[in-house]
file model-v2.cif (mmCIF, C-alpha atoms; chains and numbers go by the auth columns)
data_protein
#
loop_
_atom_site.group_PDB
_atom_site.id
_atom_site.type_symbol
_atom_site.label_atom_id
_atom_site.label_comp_id
_atom_site.label_asym_id
_atom_site.label_seq_id
_atom_site.Cartn_x
_atom_site.Cartn_y
_atom_site.Cartn_z
_atom_site.B_iso_or_equiv
_atom_site.auth_seq_id
_atom_site.auth_asym_id
ATOM 1 C CA MET A 1 6.043 -7.288 -14.467 0.00 1 A
ATOM 2 C CA LYS A 2 8.330 -10.280 -14.062 0.00 2 A
ATOM 3 C CA LYS A 3 8.746 -11.730 -10.600 0.00 3 A
ATOM 4 C CA ASN A 4 12.109 -10.774 -9.170 0.00 4 A
ATOM 5 C CA PRO A 5 13.648 -13.192 -6.656 0.00 5 A
ATOM 6 C CA ALA A 6 15.765 -10.458 -5.107 0.00 6 A
ATOM 7 C CA THR A 7 14.989 -9.119 -1.652 0.00 7 A
ATOM 8 C CA VAL A 8 13.402 -5.699 -1.308 0.00 8 A
ATOM 9 C CA ASP A 9 13.408 -2.906 1.261 0.00 9 A
ATOM 10 C CA ILE A 10 9.656 -2.315 1.335 0.00 10 A
ATOM 11 C CA ILE A 11 6.604 -4.401 0.446 0.00 11 A
ATOM 12 C CA ALA A 12 3.310 -2.558 0.059 0.00 12 A
ATOM 13 C CA PHE A 13 0.213 -4.735 0.402 0.00 13 A
ATOM 14 C CA GLY A 14 -3.249 -3.907 -0.876 0.00 14 A
ATOM 15 C CA ALA A 15 -6.526 -5.788 -1.000 0.00 15 A
ATOM 16 C CA HIS A 16 -7.176 -4.565 -4.557 0.00 16 A
ATOM 17 C CA PRO A 17 -4.914 -3.557 -7.466 0.00 17 A
ATOM 18 C CA ASP A 18 -5.233 0.209 -6.895 0.00 18 A
ATOM 19 C CA ASP A 19 -5.171 0.390 -3.079 0.00 19 A
ATOM 20 C CA VAL A 20 -1.460 0.999 -2.518 0.00 20 A
ATOM 21 C CA GLU A 21 -1.414 3.752 -5.156 0.00 21 A
ATOM 22 C CA ILE A 22 -4.248 5.580 -3.395 0.00 22 A
ATOM 23 C CA GLY A 23 -2.898 5.256 0.131 0.00 23 A
ATOM 24 C CA ALA A 24 0.872 5.188 -0.285 0.00 24 A
ATOM 25 C CA GLY A 25 1.772 5.911 -3.914 0.00 25 A
ATOM 26 C CA GLY A 26 3.691 9.053 -3.051 0.00 26 A
ATOM 27 C CA LEU A 27 5.816 7.303 -0.432 0.00 27 A
ATOM 28 C CA LEU A 28 6.577 4.397 -2.764 0.00 28 A
ATOM 29 C CA ALA A 29 7.626 6.740 -5.571 0.00 29 A
ATOM 30 C CA LYS A 30 9.799 8.721 -3.153 0.00 30 A
ATOM 31 C CA GLU A 31 11.557 5.674 -1.713 0.00 31 A
ATOM 32 C CA ALA A 32 12.148 4.186 -5.171 0.00 32 A
ATOM 33 C CA ALA A 33 13.700 7.486 -6.305 0.00 33 A
ATOM 34 C CA LEU A 34 15.983 7.337 -3.263 0.00 34 A
ATOM 35 C CA GLY A 35 17.272 3.957 -4.420 0.00 35 A
ATOM 36 C CA TYR A 36 15.267 1.622 -2.202 0.00 36 A
ATOM 37 C CA LYS A 37 13.780 -1.518 -3.732 0.00 37 A
ATOM 38 C CA ILE A 38 9.997 -1.638 -3.663 0.00 38 A
ATOM 39 C CA GLY A 39 7.696 -4.631 -4.081 0.00 39 A
ATOM 40 C CA ILE A 40 3.896 -4.504 -4.342 0.00 40 A
ATOM 41 C CA VAL A 41 1.511 -7.326 -3.450 0.00 41 A
ATOM 42 C CA ASP A 42 -2.176 -7.250 -4.364 0.00 42 A
ATOM 43 C CA LEU A 43 -4.222 -9.821 -2.461 0.00 43 A
ATOM 44 C CA THR A 44 -7.045 -10.016 -5.045 0.00 44 A
ATOM 45 C CA ARG A 45 -7.480 -9.295 -8.751 0.00 45 A
ATOM 46 C CA GLY A 46 -10.347 -6.884 -8.060 0.00 46 A
ATOM 47 C CA GLU A 47 -12.636 -9.017 -10.178 0.00 47 A
ATOM 48 C CA MET A 48 -15.778 -8.031 -8.244 0.00 48 A
ATOM 49 C CA GLY A 49 -15.349 -4.343 -9.027 0.00 49 A
ATOM 50 C CA SER A 50 -18.074 -2.654 -11.047 0.00 50 A
ATOM 51 C CA ARG A 51 -15.611 -1.628 -13.745 0.00 51 A
ATOM 52 C CA GLY A 52 -12.950 -3.523 -15.632 0.00 52 A
ATOM 53 C CA THR A 53 -12.077 -7.199 -15.783 0.00 53 A
ATOM 54 C CA ALA A 54 -9.388 -9.025 -13.827 0.00 54 A
ATOM 55 C CA GLU A 55 -7.243 -9.115 -16.983 0.00 55 A
ATOM 56 C CA ILE A 56 -7.624 -5.391 -17.646 0.00 56 A
ATOM 57 C CA ARG A 57 -6.861 -4.558 -14.047 0.00 57 A
ATOM 58 C CA ALA A 58 -3.738 -6.738 -14.083 0.00 58 A
ATOM 59 C CA GLY A 59 -2.324 -4.759 -16.992 0.00 59 A
ATOM 60 C CA GLU A 60 -3.172 -1.473 -15.306 0.00 60 A
ATOM 61 C CA ALA A 61 -1.514 -2.644 -12.086 0.00 61 A
ATOM 62 C CA ASP A 62 1.703 -3.511 -13.926 0.00 62 A
ATOM 63 C CA ARG A 63 1.806 -0.076 -15.579 0.00 63 A
ATOM 64 C CA ALA A 64 1.224 1.646 -12.237 0.00 64 A
ATOM 65 C CA ALA A 65 4.012 -0.371 -10.596 0.00 65 A
ATOM 66 C CA GLN A 66 6.433 0.637 -13.338 0.00 66 A
ATOM 67 C CA ILE A 67 5.486 4.298 -12.895 0.00 67 A
ATOM 68 C CA LEU A 68 6.145 4.130 -9.153 0.00 68 A
ATOM 69 C CA GLY A 69 9.488 2.386 -9.697 0.00 69 A
ATOM 70 C CA ALA A 70 8.633 -0.968 -8.094 0.00 70 A
ATOM 71 C CA VAL A 71 10.947 -3.855 -9.002 0.00 71 A
ATOM 72 C CA TRP A 72 8.077 -6.356 -9.006 0.00 72 A
ATOM 73 C CA ARG A 73 4.363 -6.686 -8.383 0.00 73 A
ATOM 74 C CA LEU A 74 2.641 -9.921 -7.337 0.00 74 A
ATOM 75 C CA ASN A 75 -1.007 -10.938 -7.110 0.00 75 A
ATOM 76 C CA MET A 76 -2.043 -13.529 -4.521 0.00 76 A
ATOM 77 C CA GLU A 77 -5.324 -14.233 -6.422 0.00 77 A
ATOM 78 C CA MET A 78 -7.429 -14.424 -3.282 0.00 78 A
ATOM 79 C CA PRO A 79 -11.192 -14.087 -3.933 0.00 79 A
ATOM 80 C CA ASP A 80 -12.267 -10.456 -4.228 0.00 80 A
ATOM 81 C CA GLY A 81 -14.901 -9.669 -1.625 0.00 81 A
ATOM 82 C CA GLU A 82 -13.869 -12.623 0.525 0.00 82 A
ATOM 83 C CA VAL A 83 -10.442 -11.712 1.872 0.00 83 A
ATOM 84 C CA SER A 84 -9.931 -13.673 5.066 0.00 84 A
ATOM 85 C CA ALA A 85 -7.275 -14.048 7.733 0.00 85 A
ATOM 86 C CA ASP A 86 -7.637 -17.821 7.649 0.00 86 A
ATOM 87 C CA PRO A 87 -4.516 -19.915 8.373 0.00 87 A
ATOM 88 C CA GLU A 88 -3.855 -20.748 4.709 0.00 88 A
ATOM 89 C CA SER A 89 -4.025 -17.107 3.594 0.00 89 A
ATOM 90 C CA VAL A 90 -1.875 -15.977 6.512 0.00 90 A
ATOM 91 C CA MET A 91 0.839 -18.461 5.582 0.00 91 A
ATOM 92 C CA LYS A 92 0.716 -17.421 1.901 0.00 92 A
ATOM 93 C CA VAL A 93 1.521 -13.857 2.924 0.00 93 A
ATOM 94 C CA ALA A 94 4.058 -14.980 5.529 0.00 94 A
ATOM 95 C CA ARG A 95 5.927 -16.910 2.833 0.00 95 A
ATOM 96 C CA VAL A 96 6.101 -13.775 0.673 0.00 96 A
ATOM 97 C CA ILE A 97 7.529 -11.857 3.641 0.00 97 A
ATOM 98 C CA ARG A 98 10.115 -14.563 4.299 0.00 98 A
ATOM 99 C CA THR A 99 11.071 -14.814 0.632 0.00 99 A
ATOM 100 C CA TYR A 100 11.618 -11.087 -0.008 0.00 100 A
ATOM 101 C CA ARG A 101 12.599 -10.035 3.542 0.00 101 A
ATOM 102 C CA PRO A 102 11.628 -6.350 3.576 0.00 102 A
ATOM 103 C CA SER A 103 12.567 -3.980 6.389 0.00 103 A
ATOM 104 C CA ILE A 104 9.150 -2.320 6.215 0.00 104 A
ATOM 105 C CA ILE A 105 5.673 -3.562 5.358 0.00 105 A
ATOM 106 C CA ILE A 106 2.946 -1.150 4.264 0.00 106 A
ATOM 107 C CA ALA A 107 -0.661 -2.260 4.820 0.00 107 A
ATOM 108 C CA PRO A 108 -4.165 -0.746 4.885 0.00 108 A
ATOM 109 C CA TYR A 109 -5.518 0.694 8.126 0.00 109 A
ATOM 110 C CA TRP A 110 -7.661 -1.834 9.983 0.00 110 A
ATOM 111 C CA ASP A 111 -10.744 0.370 10.509 0.00 111 A
ATOM 112 C CA ASP A 112 -12.268 0.831 7.053 0.00 112 A
ATOM 113 C CA ARG A 113 -15.755 0.763 5.537 0.00 113 A
ATOM 114 C CA HIS A 114 -14.685 -1.812 2.921 0.00 114 A
ATOM 115 C CA PRO A 115 -14.574 -5.287 4.521 0.00 115 A
ATOM 116 C CA ASP A 116 -11.693 -6.399 2.285 0.00 116 A
ATOM 117 C CA HIS A 117 -9.522 -3.511 3.484 0.00 117 A
ATOM 118 C CA ALA A 118 -10.166 -4.285 7.145 0.00 118 A
ATOM 119 C CA LYS A 119 -9.614 -8.024 6.683 0.00 119 A
ATOM 120 C CA ALA A 120 -6.492 -7.435 4.605 0.00 120 A
ATOM 121 C CA SER A 121 -5.068 -5.378 7.458 0.00 121 A
ATOM 122 C CA GLN A 122 -5.721 -8.209 9.907 0.00 122 A
ATOM 123 C CA LEU A 123 -4.327 -10.792 7.488 0.00 123 A
ATOM 124 C CA ILE A 124 -1.092 -8.896 6.885 0.00 124 A
ATOM 125 C CA SER A 125 -0.632 -8.129 10.583 0.00 125 A
ATOM 126 C CA GLU A 126 -0.959 -11.815 11.480 0.00 126 A
ATOM 127 C CA ALA A 127 1.363 -12.836 8.644 0.00 127 A
ATOM 128 C CA HIS A 128 3.943 -10.309 9.849 0.00 128 A
ATOM 129 C CA PHE A 129 3.938 -11.959 13.273 0.00 129 A
ATOM 130 C CA LYS A 130 3.907 -15.565 12.078 0.00 130 A
ATOM 131 C CA ALA A 131 6.690 -14.965 9.561 0.00 131 A
ATOM 132 C CA GLY A 132 8.993 -14.524 12.547 0.00 132 A
ATOM 133 C CA LEU A 133 8.177 -17.825 14.245 0.00 133 A
ATOM 134 C CA LYS A 134 11.209 -20.095 13.867 0.00 134 A
ATOM 135 C CA LYS A 135 9.344 -23.384 14.292 0.00 135 A
ATOM 136 C CA LEU A 136 6.617 -22.541 11.757 0.00 136 A
ATOM 137 C CA GLU A 137 7.594 -23.935 8.322 0.00 137 A
ATOM 138 C CA PRO A 138 11.290 -23.511 9.161 0.00 138 A
ATOM 139 C CA GLU A 139 12.516 -24.408 5.660 0.00 139 A
ATOM 140 C CA LEU A 140 12.141 -20.786 4.463 0.00 140 A
ATOM 141 C CA GLY A 141 13.763 -19.317 7.545 0.00 141 A
ATOM 142 C CA ALA A 142 11.996 -17.077 10.039 0.00 142 A
ATOM 143 C CA PHE A 143 11.993 -13.356 9.290 0.00 143 A
ATOM 144 C CA ARG A 144 9.938 -10.485 10.691 0.00 144 A
ATOM 145 C CA PRO A 145 10.136 -6.951 9.228 0.00 145 A
ATOM 146 C CA LYS A 146 10.905 -4.144 11.655 0.00 146 A
ATOM 147 C CA THR A 147 7.515 -2.460 11.395 0.00 147 A
ATOM 148 C CA ILE A 148 4.200 -2.122 9.586 0.00 148 A
ATOM 149 C CA LEU A 149 3.127 1.288 8.292 0.00 149 A
ATOM 150 C CA TYR A 150 -0.653 1.473 7.969 0.00 150 A
ATOM 151 C CA TYR A 151 -2.014 3.715 5.214 0.00 151 A
ATOM 152 C CA PHE A 152 -5.490 5.181 4.934 0.00 152 A
ATOM 153 C CA LEU A 153 -8.170 4.660 2.301 0.00 153 A
ATOM 154 C CA ASN A 154 -11.760 5.400 3.327 0.00 154 A
ATOM 155 C CA ARG A 155 -11.146 6.506 6.880 0.00 155 A
ATOM 156 C CA MET A 156 -8.415 8.302 8.783 0.00 156 A
ATOM 157 C CA ASP A 157 -8.335 8.642 12.543 0.00 157 A
ATOM 158 C CA SER A 158 -5.194 9.608 14.432 0.00 158 A
ATOM 159 C CA TYR A 159 -1.892 9.061 12.637 0.00 159 A
ATOM 160 C CA SER A 160 1.702 8.713 13.738 0.00 160 A
ATOM 161 C CA PHE A 161 3.455 10.838 11.124 0.00 161 A
ATOM 162 C CA VAL A 162 3.064 12.496 7.726 0.00 162 A
ATOM 163 C CA VAL A 163 5.560 12.054 4.889 0.00 163 A
ATOM 164 C CA ASP A 164 6.287 14.935 2.517 0.00 164 A
ATOM 165 C CA VAL A 165 5.589 13.499 -0.952 0.00 165 A
ATOM 166 C CA SER A 166 5.320 16.808 -2.801 0.00 166 A
ATOM 167 C CA LYS A 167 8.210 16.227 -5.219 0.00 167 A
ATOM 168 C CA HIS A 168 6.840 12.805 -6.175 0.00 168 A
ATOM 169 C CA TYR A 169 3.137 13.563 -6.204 0.00 169 A
ATOM 170 C CA ALA A 170 2.942 13.701 -9.987 0.00 170 A
ATOM 171 C CA LYS A 171 4.128 10.069 -10.042 0.00 171 A
ATOM 172 C CA LYS A 172 1.388 9.112 -7.601 0.00 172 A
ATOM 173 C CA GLN A 173 -1.239 10.785 -9.771 0.00 173 A
ATOM 174 C CA GLU A 174 0.147 9.128 -12.894 0.00 174 A
ATOM 175 C CA ALA A 175 0.069 5.728 -11.197 0.00 175 A
ATOM 176 C CA ILE A 176 -3.528 6.201 -10.059 0.00 176 A
ATOM 177 C CA ASN A 177 -4.526 7.329 -13.546 0.00 177 A
ATOM 178 C CA ALA A 178 -2.953 4.151 -14.943 0.00 178 A
ATOM 179 C CA HIS A 179 -5.954 2.363 -13.422 0.00 179 A
ATOM 180 C CA HIS A 180 -8.020 3.755 -16.268 0.00 180 A
ATOM 181 C CA SER A 181 -10.868 1.277 -15.897 0.00 181 A
ATOM 182 C CA GLN A 182 -11.474 2.533 -12.370 0.00 182 A
ATOM 183 C CA PHE A 183 -10.866 6.269 -12.697 0.00 183 A
ATOM 184 C CA GLY A 184 -10.859 7.277 -16.350 0.00 184 A
ATOM 185 C CA GLU A 185 -13.744 5.785 -18.285 0.00 185 A
ATOM 186 C CA VAL A 186 -15.016 8.375 -20.768 0.00 186 A
ATOM 187 C CA GLY A 187 -18.745 9.059 -20.713 0.00 187 A
ATOM 188 C CA LEU A 188 -19.409 7.379 -17.372 0.00 188 A
ATOM 189 C CA LYS A 189 -20.249 9.076 -14.137 0.00 189 A
ATOM 190 C CA PRO A 190 -17.469 8.912 -11.527 0.00 190 A
ATOM 191 C CA LEU A 191 -17.547 5.646 -9.651 0.00 191 A
ATOM 192 C CA ALA A 192 -18.240 5.844 -5.931 0.00 192 A
ATOM 193 C CA VAL A 193 -14.745 4.682 -5.001 0.00 193 A
ATOM 194 C CA LEU A 194 -13.787 5.536 -1.421 0.00 194 A
ATOM 195 C CA GLY A 195 -17.436 6.297 -0.715 0.00 195 A
ATOM 196 C CA VAL A 196 -17.390 9.538 -2.747 0.00 196 A
ATOM 197 C CA LYS A 197 -18.578 10.462 -6.218 0.00 197 A
ATOM 198 C CA ALA A 198 -15.364 12.166 -7.304 0.00 198 A
ATOM 199 C CA PRO A 199 -12.561 9.915 -6.022 0.00 199 A
ATOM 200 C CA LEU A 200 -9.641 11.633 -7.781 0.00 200 A
ATOM 201 C CA GLN A 201 -10.588 14.993 -6.327 0.00 201 A
ATOM 202 C CA PHE A 202 -11.079 13.399 -2.909 0.00 202 A
ATOM 203 C CA ILE A 203 -7.621 11.792 -2.975 0.00 203 A
ATOM 204 C CA GLU A 204 -5.880 15.019 -3.940 0.00 204 A
ATOM 205 C CA SER A 205 -7.824 17.078 -1.398 0.00 205 A
ATOM 206 C CA ARG A 206 -6.973 14.611 1.353 0.00 206 A
ATOM 207 C CA ASP A 207 -3.276 14.597 0.404 0.00 207 A
ATOM 208 C CA ARG A 208 -3.218 18.395 0.286 0.00 208 A
ATOM 209 C CA PHE A 209 -4.777 18.498 3.753 0.00 209 A
ATOM 210 C CA GLN A 210 -2.234 16.036 5.127 0.00 210 A
ATOM 211 C CA GLY A 211 0.578 18.027 3.549 0.00 211 A
ATOM 212 C CA ALA A 212 -0.754 21.213 5.124 0.00 212 A
ATOM 213 C CA GLN A 213 -0.357 19.609 8.550 0.00 213 A
ATOM 214 C CA ILE A 214 3.425 19.686 8.070 0.00 214 A
ATOM 215 C CA GLY A 215 3.636 22.816 5.924 0.00 215 A
ATOM 216 C CA VAL A 216 4.158 21.202 2.497 0.00 216 A
ATOM 217 C CA ALA A 217 2.099 20.867 -0.675 0.00 217 A
ATOM 218 C CA TYR A 218 1.275 17.139 -0.436 0.00 218 A
ATOM 219 C CA GLY A 219 1.605 14.589 2.316 0.00 219 A
ATOM 220 C CA GLU A 220 0.692 11.000 3.126 0.00 220 A
ATOM 221 C CA ALA A 221 -0.200 10.020 6.685 0.00 221 A
ATOM 222 C CA PHE A 222 0.705 6.688 8.275 0.00 222 A
ATOM 223 C CA LEU A 223 -0.034 4.964 11.556 0.00 223 A
ATOM 224 C CA VAL A 224 2.253 2.612 13.470 0.00 224 A
ATOM 225 C CA ARG A 225 1.341 0.603 16.570 0.00 225 A
ATOM 226 C CA THR A 226 4.594 1.351 18.384 0.00 226 A
ATOM 227 C CA PRO A 227 6.291 4.650 19.313 0.00 227 A
ATOM 228 C CA VAL A 228 8.235 6.314 16.508 0.00 228 A
ATOM 229 C CA PRO A 229 11.935 6.553 17.477 0.00 229 A
ATOM 230 C CA VAL A 230 13.490 10.005 17.224 0.00 230 A
ATOM 231 C CA LYS A 231 17.246 10.222 17.776 0.00 231 A
ATOM 232 C CA ASP A 232 17.378 13.997 18.060 0.00 232 A
ATOM 233 C CA PRO A 233 14.330 16.322 18.157 0.00 233 A
ATOM 234 C CA MET A 234 16.574 19.180 17.022 0.00 234 A
ATOM 235 C CA MET A 235 16.976 17.478 13.647 0.00 235 A
ATOM 236 C CA ILE A 236 13.218 17.889 13.174 0.00 236 A
ATOM 237 C CA TRP A 237 12.273 21.011 15.095 0.00 237 A
ATOM 238 C CA GLY A 238 15.556 22.818 15.595 0.00 238 A
ATOM 239 C CA SER A 239 16.209 26.187 13.976 0.00 239 A
ATOM 240 C CA GLU A 240 17.665 26.078 10.481 0.00 240 A
#
call {"tool": "encode", "arguments": {"input": "model-v2.cif", "output": "structure tokens"}}
result
Amino acid sequence: MKKNPATVDIIAFGAHPDDVEIGAGGLLAKEAALGYKIGIVDLTRGEMGSRGTAEIRAGEADRAAQILGAVWRLNMEMPDGEVSADPESVMKVARVIRTYRPSIIIAPYWDDRHPDHAKASQLISEAHFKAGLKKLEPELGAFRPKTILYYFLNRMDSYSFVVDVSKHYAKKQEAINAHHSQFGEVGLKPLAVLGVKAPLQFIESRDRFQGAQIGVAYGEAFLVRTPVPVKDPMMIWGSE
């Protein structure tokens, strides 16, 4: 997809080209359908993965972004398997935040069995903070999004809220399936993505479970570090 210089409402970050689809694809599809502008940033090209090449995965990522309704998708081309929250990488991400000025950032949960996921979470969290420092590279202008929503990949502990993504779940599945090299190779045994032998079934089962927690077909859980503001509990729990 072509890079769009326009600002966006949400930026979803992932360490690898299919991470945001797995953890937050339903939310992204839902927000895009509601008219919000979505950007996706992949930190690496996923070139160390057992399946597919960096070029193949780039094409799959573009197709998935189009399915979800994102207005652009960028790749930071950091080394796969060596994501680091070093000062240079932090500033690269901070510049993206300052350029596109989203209200919300979506990032992987920091406690994950894959080192890249955990380090990506740290990297994005530090970039979120440093993007708001006025004296740090002031030419772009300081900007700090209101919050970071952390999504889950391999592990889920406590979460802050669950989003009903039932009406948009087919889009999430379509976007995940667009990563054909990772999930759809004919004649090969399922790859142990997410630490399981049947990743597509695992993702759907997890999303069904999360949806069941709020009485809907499919849900996606997110964690925030600060209390979630509620203007009126009756709007959530009051009688209909």
call {"tool": "resolve_selection", "arguments": {"input": "model-v2.cif", "expression": "the PyMOL selection byres ((chain A and resi 58) around 12)", "output": "PyMOL selection string"}}
result
chain A and resi 1+16-18+41-42+44-47+52-57+59-65+73-77+178-181
call {"tool": "atom_distance", "arguments": {"input": "model-v2.cif", "atom1": "CA of Phe13 in chain A", "atom2": "CA of Gln213 in chain A"}}
result
25.7 Å
call {"tool": "atom_distance", "arguments": {"input": "model-v2.cif", "atom1": "CA of Asp80 in chain A", "atom2": "CA of Ile148 in chain A"}}
result
23.1 Å
call {"tool": "residues_around", "arguments": {"input": "model-v2.cif", "residues": "Tyr150 in chain A", "least_positions_apart": "3", "cutoff": "10 Å", "atoms": "all atoms listed in the file", "output": "PyMOL selection string"}}
result
chain A and resi 12-13+23-24+105-110+121+125+147+153+159-160+221-225
call {"tool": "write_last_selection", "arguments": {"input": "model-v2.cif", "atoms": "C-alpha atoms", "output": "mmCIF file, in the frame of the given file"}}
result
data_model
loop_
_atom_site.group_PDB
_atom_site.id
_atom_site.type_symbol
_atom_site.label_atom_id
_atom_site.label_comp_id
_atom_site.auth_asym_id
_atom_site.auth_seq_id
_atom_site.Cartn_x
_atom_site.Cartn_y
_atom_site.Cartn_z
ATOM 1 C CA ALA A 12 3.310 -2.558 0.059
ATOM 2 C CA PHE A 13 0.213 -4.735 0.402
ATOM 3 C CA GLY A 23 -2.898 5.256 0.131
ATOM 4 C CA ALA A 24 0.872 5.188 -0.285
ATOM 5 C CA ILE A 105 5.673 -3.562 5.358
ATOM 6 C CA ILE A 106 2.946 -1.150 4.264
ATOM 7 C CA ALA A 107 -0.661 -2.260 4.820
ATOM 8 C CA PRO A 108 -4.165 -0.746 4.885
ATOM 9 C CA TYR A 109 -5.518 0.694 8.126
ATOM 10 C CA TRP A 110 -7.661 -1.834 9.983
ATOM 11 C CA SER A 121 -5.068 -5.378 7.458
ATOM 12 C CA SER A 125 -0.632 -8.129 10.583
ATOM 13 C CA THR A 147 7.515 -2.460 11.395
ATOM 14 C CA LEU A 153 -8.170 4.660 2.301
ATOM 15 C CA TYR A 159 -1.892 9.061 12.637
ATOM 16 C CA SER A 160 1.702 8.713 13.738
ATOM 17 C CA ALA A 221 -0.200 10.020 6.685
ATOM 18 C CA PHE A 222 0.705 6.688 8.275
ATOM 19 C CA LEU A 223 -0.034 4.964 11.556
ATOM 20 C CA VAL A 224 2.253 2.612 13.470
ATOM 21 C CA ARG A 225 1.341 0.603 16.570
#
call {"tool": "closest_residue", "arguments": {"input": "model-v2.cif", "among": "A:Arg144, A:His114, A:His128, A:Lys231", "to": "Val93 in chain A", "atoms": "only C-alpha atoms"}}
result
A:His128
call {"tool": "atom_distance", "arguments": {"input": "model-v2.cif", "atom1": "CA of Gly184 in chain A", "atom2": "CA of Ile10 in chain A"}}
result
28.7 Å
call {"tool": "closest_residue", "arguments": {"input": "model-v2.cif", "among": "A:Lys146, A:Arg95, A:Arg51, A:Arg155", "to": "Arg206 in chain A", "atoms": "only C-alpha atoms"}}
result
A:Arg155
call {"tool": "closest_residue", "arguments": {"input": "model-v2.cif", "among": "A:Tyr169, A:Phe161, A:Tyr36, A:Phe129", "to": "Ile11 in chain A", "atoms": "only C-alpha atoms"}}
result
A:Tyr36
call {"tool": "closest_residue", "arguments": {"input": "model-v2.cif", "among": "A:Val216, A:Ile203, A:Val165, A:Leu123", "to": "Asp19 in chain A", "atoms": "only C-alpha atoms"}}
result
A:Ile203
call {"tool": "resolve_selection", "arguments": {"input": "model-v2.cif", "expression": "the PyMOL selection byres ((chain A and resi 35) around 12)", "output": "short mmCIF file (atom, residue, chain, number, x, y, z; two decimals) with C-alpha atoms, keeping the file's coordinate frame"}}
result
data_model
loop_
_atom_site.label_atom_id
_atom_site.label_comp_id
_atom_site.auth_asym_id
_atom_site.auth_seq_id
_atom_site.Cartn_x
_atom_site.Cartn_y
_atom_site.Cartn_z
CA VAL A 8 13.40 -5.70 -1.31
CA ASP A 9 13.41 -2.91 1.26
CA ILE A 10 9.66 -2.32 1.34
CA LEU A 28 6.58 4.40 -2.76
CA ALA A 29 7.63 6.74 -5.57
CA LYS A 30 9.80 8.72 -3.15
CA GLU A 31 11.56 5.67 -1.71
CA ALA A 32 12.15 4.19 -5.17
CA ALA A 33 13.70 7.49 -6.30
CA LEU A 34 15.98 7.34 -3.26
CA TYR A 36 15.27 1.62 -2.20
CA LYS A 37 13.78 -1.52 -3.73
CA ILE A 38 10.00 -1.64 -3.66
CA GLY A 69 9.49 2.39 -9.70
CA ALA A 70 8.63 -0.97 -8.09
CA VAL A 71 10.95 -3.86 -9.00
#
call {"tool": "closest_residue", "arguments": {"input": "model-v2.cif", "among": "A:Ile67, A:Gly49, A:Pro115, A:Ile22", "to": "Glu174 in chain A", "atoms": "all atoms listed in the file"}}
result
A:Ile67
call {"tool": "closest_residue", "arguments": {"input": "model-v2.cif", "among": "A:Tyr100, A:Ser84, A:Ile236, A:Val162", "to": "Ile40 in chain A", "atoms": "all atoms listed in the file"}}
result
A:Tyr100
call {"tool": "residues_around", "arguments": {"input": "model-v2.cif", "residues": "Ala127 in chain A", "least_positions_apart": "6", "cutoff": "9 Å", "atoms": "all atoms listed in the file", "output": "ChimeraX atom specification"}}
result
/A:85,89-95,97
